[in-house]
Structures are given as structure tokens and as C-alpha cells.
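Dumped final.cif below, it's mmCIF, C-alpha atoms:
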data_structure
loop_
_atom_site.group_PDB
_atom_site.id
_atom_site.type_symbol
_atom_site.label_atom_id
_atom_site.label_comp_id
_atom_site.auth_asym_id
_atom_site.auth_seq_id
_atom_site.Cartn_x
_atom_site.Cartn_y
_atom_site.Cartn_z
ATOM 1 C CA MET A 1 6.521 54.613 -184.770
ATOM 2 C CA LEU A 2 8.326 52.320 -187.212
ATOM 3 C CA ARG A 3 9.918 55.350 -188.851
ATOM 4 C CA ARG A 4 11.553 56.237 -185.548
ATOM 5 C CA LEU A 5 12.856 52.706 -184.962
ATOM 6 C CA ILE A 6 14.588 52.259 -188.317
ATOM 7 C CA PRO A 7 17.313 54.924 -187.773
ATOM 8 C CA LEU A 8 17.837 53.604 -184.261
ATOM 9 C CA PHE A 9 18.194 50.072 -185.637
ATOM 10 C CA ILE A 10 20.653 51.250 -188.308
ATOM 11 C CA LEU A 11 22.734 52.910 -185.598
ATOM 12 C CA LEU A 12 22.600 50.086 -183.053
ATOM 13 C CA LEU A 13 23.216 47.130 -185.392
ATOM 14 C CA PRO A 14 26.855 47.985 -186.196
ATOM 15 C CA LEU A 15 27.524 48.691 -182.522
ATOM 16 C CA ALA A 16 26.053 45.320 -181.554
ATOM 17 C CA GLU A 17 28.104 43.598 -184.266
ATOM 18 C CA ILE A 18 31.299 45.253 -183.027
ATOM 19 C CA ALA A 19 30.488 44.133 -179.489
ATOM 20 C CA CYS A 20 29.987 40.566 -180.739
ATOM 21 C CA PHE A 21 33.334 40.708 -182.560
ATOM 22 C CA ILE A 22 35.041 41.786 -179.342
ATOM 23 C CA VAL A 23 33.392 39.077 -177.241
ATOM 24 C CA VAL A 24 34.036 36.286 -179.762
ATOM 25 C CA GLY A 25 37.562 37.563 -180.478
ATOM 26 C CA ARG A 26 38.446 37.435 -176.777
ATOM 27 C CA ARG A 27 37.074 33.898 -176.494
ATOM 28 C CA ILE A 28 38.582 32.256 -179.570
ATOM 29 C CA GLY A 29 41.219 34.715 -180.812
ATOM 30 C CA LEU A 30 41.662 37.023 -183.774
ATOM 31 C CA PHE A 31 42.325 34.583 -186.625
ATOM 32 C CA PRO A 32 39.535 32.126 -185.739
ATOM 33 C CA THR A 33 37.124 35.080 -185.507
ATOM 34 C CA LEU A 34 38.175 36.395 -188.915
ATOM 35 C CA SER A 35 37.951 32.862 -190.308
ATOM 36 C CA LEU A 36 34.371 32.565 -189.061
ATOM 37 C CA VAL A 37 33.450 35.823 -190.775
ATOM 38 C CA VAL A 38 34.956 34.712 -194.103
ATOM 39 C CA LEU A 39 33.440 31.226 -193.754
ATOM 40 C CA SER A 40 29.983 32.678 -193.148
ATOM 41 C CA ALA A 41 30.255 34.758 -196.332
ATOM 42 C CA VAL A 42 31.260 31.684 -198.355
ATOM 43 C CA ALA A 43 28.464 29.654 -196.753
ATOM 44 C CA GLY A 44 26.000 32.410 -197.663
ATOM 45 C CA ILE A 45 27.018 32.274 -201.314
ATOM 46 C CA VAL A 46 26.826 28.469 -201.442
ATOM 47 C CA LEU A 47 23.488 28.266 -199.614
ATOM 48 C CA MET A 48 22.001 31.037 -201.723
ATOM 49 C CA ARG A 49 23.001 29.181 -204.869
ATOM 50 C CA ILE A 50 21.714 25.768 -203.723
ATOM 51 C CA GLN A 51 18.433 26.903 -202.233
ATOM 52 C CA GLY A 52 17.915 29.631 -204.819
ATOM 53 C CA PHE A 53 17.830 27.168 -207.700
ATOM 54 C CA GLY A 54 15.342 24.977 -205.818
ATOM 55 C CA VAL A 55 13.022 27.910 -205.188
ATOM 56 C CA LEU A 56 13.313 29.079 -208.794
ATOM 57 C CA ASN A 57 12.286 25.599 -209.974
ATOM 58 C CA ARG A 58 9.243 25.690 -207.669
ATOM 59 C CA LEU A 59 8.454 29.198 -208.938
ATOM 60 C CA ARG A 60 8.554 28.004 -212.550
ATOM 61 C CA GLN A 61 6.434 24.955 -211.702
ATOM 62 C CA SER A 62 3.749 27.034 -209.966
ATOM 63 C CA GLY A 63 3.624 29.327 -212.991
ATOM 64 C CA GLN A 64 3.135 26.356 -215.311
ATOM 65 C CA GLU A 65 0.352 25.033 -213.089
ATOM 66 C CA GLY A 66 -1.405 28.399 -213.143
ATOM 67 C CA ARG A 67 -1.131 28.974 -209.395
ATOM 68 C CA ALA A 68 -0.260 32.334 -207.927
ATOM 69 C CA PRO A 69 3.458 32.091 -207.073
ATOM 70 C CA GLY A 70 3.235 34.233 -203.935
ATOM 71 C CA LYS A 71 4.943 31.855 -201.521
ATOM 72 C CA GLU A 72 7.692 31.033 -203.998
ATOM 73 C CA LEU A 73 8.348 34.726 -204.621
ATOM 74 C CA LEU A 74 8.569 35.385 -200.893
ATOM 75 C CA ASP A 75 10.912 32.397 -200.482
ATOM 76 C CA THR A 76 13.118 33.788 -203.240
ATOM 77 C CA ALA A 77 13.198 37.207 -201.600
ATOM 78 C CA MET A 78 13.990 35.726 -198.170
ATOM 79 C CA ILE A 79 16.812 33.590 -199.589
ATOM 80 C CA LEU A 80 18.254 36.674 -201.280
ATOM 81 C CA ILE A 81 18.037 38.633 -198.024
ATOM 82 C CA ALA A 82 19.570 35.703 -196.124
ATOM 83 C CA GLY A 83 22.506 35.574 -198.532
ATOM 84 C CA ILE A 84 23.058 39.317 -198.219
ATOM 85 C CA LEU A 85 22.940 39.067 -194.418
ATOM 86 C CA LEU A 86 25.560 36.309 -194.499
ATOM 87 C CA LEU A 87 27.786 38.414 -196.747
ATOM 88 C CA ILE A 88 27.662 41.320 -194.283
ATOM 89 C CA PRO A 89 30.426 40.843 -191.701
ATOM 90 C CA GLY A 90 28.933 40.170 -188.302
ATOM 91 C CA PHE A 91 27.588 37.413 -186.130
ATOM 92 C CA LEU A 92 24.110 38.810 -185.466
ATOM 93 C CA THR A 93 23.369 39.229 -189.168
ATOM 94 C CA ASP A 94 24.736 35.718 -189.747
ATOM 95 C CA ILE A 95 22.302 34.263 -187.218
ATOM 96 C CA VAL A 96 19.342 36.009 -188.867
ATOM 97 C CA GLY A 97 20.612 35.026 -192.322
ATOM 98 C CA LEU A 98 20.995 31.370 -191.382
ATOM 99 C CA ALA A 99 17.519 31.373 -189.843
ATOM 100 C CA LEU A 100 16.035 32.701 -193.098
ATOM 101 C CA PHE A 101 17.553 29.761 -194.980
ATOM 102 C CA LEU A 102 15.489 27.334 -192.885
ATOM 103 C CA PRO A 103 12.199 26.396 -194.600
ATOM 104 C CA PRO A 104 10.211 26.281 -191.303
ATOM 105 C CA VAL A 105 11.236 29.875 -190.549
ATOM 106 C CA ARG A 106 10.217 30.982 -194.038
ATOM 107 C CA SER A 107 6.876 29.149 -193.676
ATOM 108 C CA PHE A 108 6.296 30.842 -190.327
ATOM 109 C CA LEU A 109 6.987 34.261 -191.858
ATOM 110 C CA TRP A 110 4.727 33.414 -194.825
ATOM 111 C CA ASN A 111 1.869 32.505 -192.460
ATOM 112 C CA ARG A 112 2.366 35.695 -190.454
ATOM 113 C CA LEU A 113 2.402 37.789 -193.618
ATOM 114 C CA MET A 114 -0.668 36.136 -195.131
ATOM 115 C CA ARG A 115 -2.758 37.186 -192.141
ATOM 116 C CA ASN A 116 -2.521 40.768 -193.411
ATOM 117 C CA VAL A 117 -2.669 40.183 -197.178
ATOM 118 C CA VAL A 118 -5.796 40.077 -199.310
ATOM 119 C CA VAL A 119 -5.414 38.188 -202.581
ATOM 120 C CA VAL A 120 -7.543 39.384 -205.488
ATOM 121 C CA ASP A 121 -7.974 37.276 -208.622
ATOM 122 C CA ILE A 122 -7.874 39.532 -211.662
ATOM 123 C CA GLY A 123 -8.971 36.784 -214.024
ATOM 124 C CA GLY A 124 -5.745 35.928 -215.795
ATOM 125 C CA ALA A 125 -5.173 33.181 -218.314
ATOM 126 C CA ARG A 126 -5.590 29.516 -217.516
ATOM 127 C CA PRO A 127 -2.541 27.207 -217.263
ATOM 128 C CA ASP A 128 -3.063 25.922 -220.808
ATOM 129 C CA ASN A 129 -3.204 29.548 -222.074
ATOM 130 C CA ARG A 130 -6.857 29.301 -223.072
ATOM 131 C CA PRO A 131 -9.004 32.239 -221.977
ATOM 132 C CA ARG A 132 -11.579 31.670 -219.292
ATOM 133 C CA THR A 133 -15.093 30.972 -220.481
ATOM 134 C CA ASP A 134 -17.113 32.382 -217.661
ATOM 135 C CA PRO A 135 -20.729 32.623 -218.921
ATOM 136 C CA GLN A 136 -21.265 35.878 -217.038
ATOM 137 C CA ARG A 137 -18.211 37.498 -218.637
ATOM 138 C CA THR A 138 -18.633 36.182 -222.204
ATOM 139 C CA ILE A 139 -19.773 38.570 -224.926
ATOM 140 C CA ASP A 140 -21.553 36.757 -227.758
ATOM 141 C CA LEU A 141 -21.322 38.559 -231.110
ATOM 142 C CA ASP A 142 -22.720 37.599 -234.497
ATOM 143 C CA ASP A 143 -20.679 38.011 -237.684
ATOM 144 C CA GLY A 144 -22.409 41.302 -238.461
ATOM 145 C CA ASP A 145 -21.767 42.726 -234.974
ATOM 146 C CA PHE A 146 -17.994 42.664 -235.216
ATOM 147 C CA ARG A 147 -15.583 44.017 -237.799
ATOM 148 C CA ARG A 148 -11.767 43.909 -237.598
ATOM 149 C CA ASP A 149 -9.919 46.808 -239.072
ATOM 150 C CA ASP A 150 -6.334 45.669 -239.724
ATOM 151 C CA ARG A 151 -5.059 49.079 -240.746
ATOM 152 C CA PRO A 152 -2.446 50.623 -238.387
#
Same coordinates, now as C-alpha cells:
Amino acid sequence: MLRRLIPLFILLLPLAEIACFIVVGRRIGLFPTLSLVVLSAVAGIVLMRIQGFGVLNRLRQSGQEGRAPGKELLDTAMILIAGILLLIPGFLTDIVGLALFLPPVRSFLWNRLMRNVVVVDIGGARPDNRPRTDPQRTIDLDDGDFRRDDRP
């Protein structure tokens, strides 16, 4: 069903944007409408830069703490999508793009997404880069049981 809706959405979005341009242009005039479009693109670039650096810092911090950076990665992706939507000329895409810049909207989308996601720990390294010492996964070898062959 989703496969049928995507082409319809791709067809209807530009038509809806054109209709919004006509309605807004009649209300406020041509030059104010064009100014709003250019201003939204500039705002998208500025907001993407400001919020993007903040999310990248949180992403780096979660990596240093050894936590899975899932939420930070999704925030980064949503900020990128929001910036792209603000760069696309149109008022409907601007509304969606501005909404994605709001942290409560991103948290709501994160919570909705996490209902359908199963996280599996694959046993990576600890934050201090020491390997895990799980007694059930440790193999104890004597000196005679192991030999390293350094030849290529």
C-alpha cells in the first residue's frame, strides 16, 4: 500500500506547493512571497548548522561513554532532512522542516520509531577500550595451548 502512496505523494506535493504559492502571493504580494521563500532557505542553512553541531557533540559524547548513539543518529538525520526541506521552495515543506528542528517533535518521532525497533547488543568494546570479561565468554588458555605465528 505504501508503494502506491509514494508516487501519488510525489505528484501531489508540487501541486499543493504551487497552490500555497498562489494563495500566499494573492494575500501578501509577489515580492514578499519570494522573500519568504529565500528567507526560509537561509533559515534552514543557519538552523542546520547551529543544531547540527549540537547533535554532533552529543553523538561524540555518547560514543565516548560507550552508549549506543541511536537517538543522536536519528536526530542528525532529522536535522539534515529538515534543512533539505527548508531549502526546497515551498511553504508546506517549510512547515514540516521547521517542525523537525523542534526537539519535542524529534523526541516524539524517536518514541514512535522505538516501538518497532529491537536493539541487539553484539558485545562491542567497553568505553575505556578494554574487552569485556564475561566469565561465560572467556577462553582460558595455558602457555602450551596457544602459539602465535607472526609470519604473513
### Nearest to Phe108 of chain A by atom-to-atom distance, counting only C-alpha atoms, from A:Val24, A:Ile18, A:Leu59, A:Leu74
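Distance minimum relative to Phe108 of chain A lands on A:Leu74.
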#### Entry: Residues near Ala43 of chain A, cut-off 12 Å, all atoms listed in the file, skip fewer than 6 positions along chain, as a PyMOL selection string
chain A and resi 35-37+49-51+82-88+94+97-98+101
### Query
Can you tell me how far atom CA of Leu13 of chain A sits from atom CA of Lys71 of chain A, in Å to one decimal?
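Here the two named atoms are 28.8 Å from each other.
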### Selected residue of minimal separation from Phe53 of chain A among A:Leu100, A:Cys20, A:Met114, A:Ile79, counting all atoms listed in the file
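The closest residue to Phe53 of chain A is A:Ile79.
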### Query
From the set A:Thr76, A:Ile81, A:Arg4, A:Thr33, which residue has the shortest atom-to-atom contact distance to Val96 of chain A, counting all atoms listed in the file?
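Closest candidate: A:Ile81.
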### Message
Considering all atoms listed in the file, can you say which of A:Asn116, A:Gly44, A:Ala19, A:Leu34 comes closest to Leu80 of chain A?
### Response
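Checking each of A:Asn116, A:Gly44, A:Ala19, A:Leu34 against Leu80 of chain A, counting all atoms listed in the file, the winner is A:Gly44.
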### Task
Give me, please, the distance in Å between atom CA of Arg106 of chain A and atom CA of Asn57 of chain A, quoted to one decimal.
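Between atom CA of Arg106 of chain A and atom CA of Asn57 of chain A the gap is 16.9 Å.
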### Task
Quote the spacing between atom CA of Phe21 of chain A and atom CA of Val46 of chain A in Å to one decimal place.
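Straight-line distance from atom CA of Phe21 of chain A to atom CA of Val46 of chain A works out to 23.4 Å.
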Edge lengths and centre in Å, axis-aligned, segment 32-39 of chain A plus 4 Å each side, as AutoDock Vina command-line options:
--center_x 36.5 --center_y 33.8 --center_z -189.8 --size_x 14.1 --size_y 13.2 --size_z 16.6
#### Entry: Non-local contacts of Glu72 of chain A (9 Å; all atoms listed in the file; under 5 positions in same chain excluded) as a list in words
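Contacts, with the query itself left out: Val55, Leu56, Arg58, Leu59, Ser62 and Ala77 of chain A.
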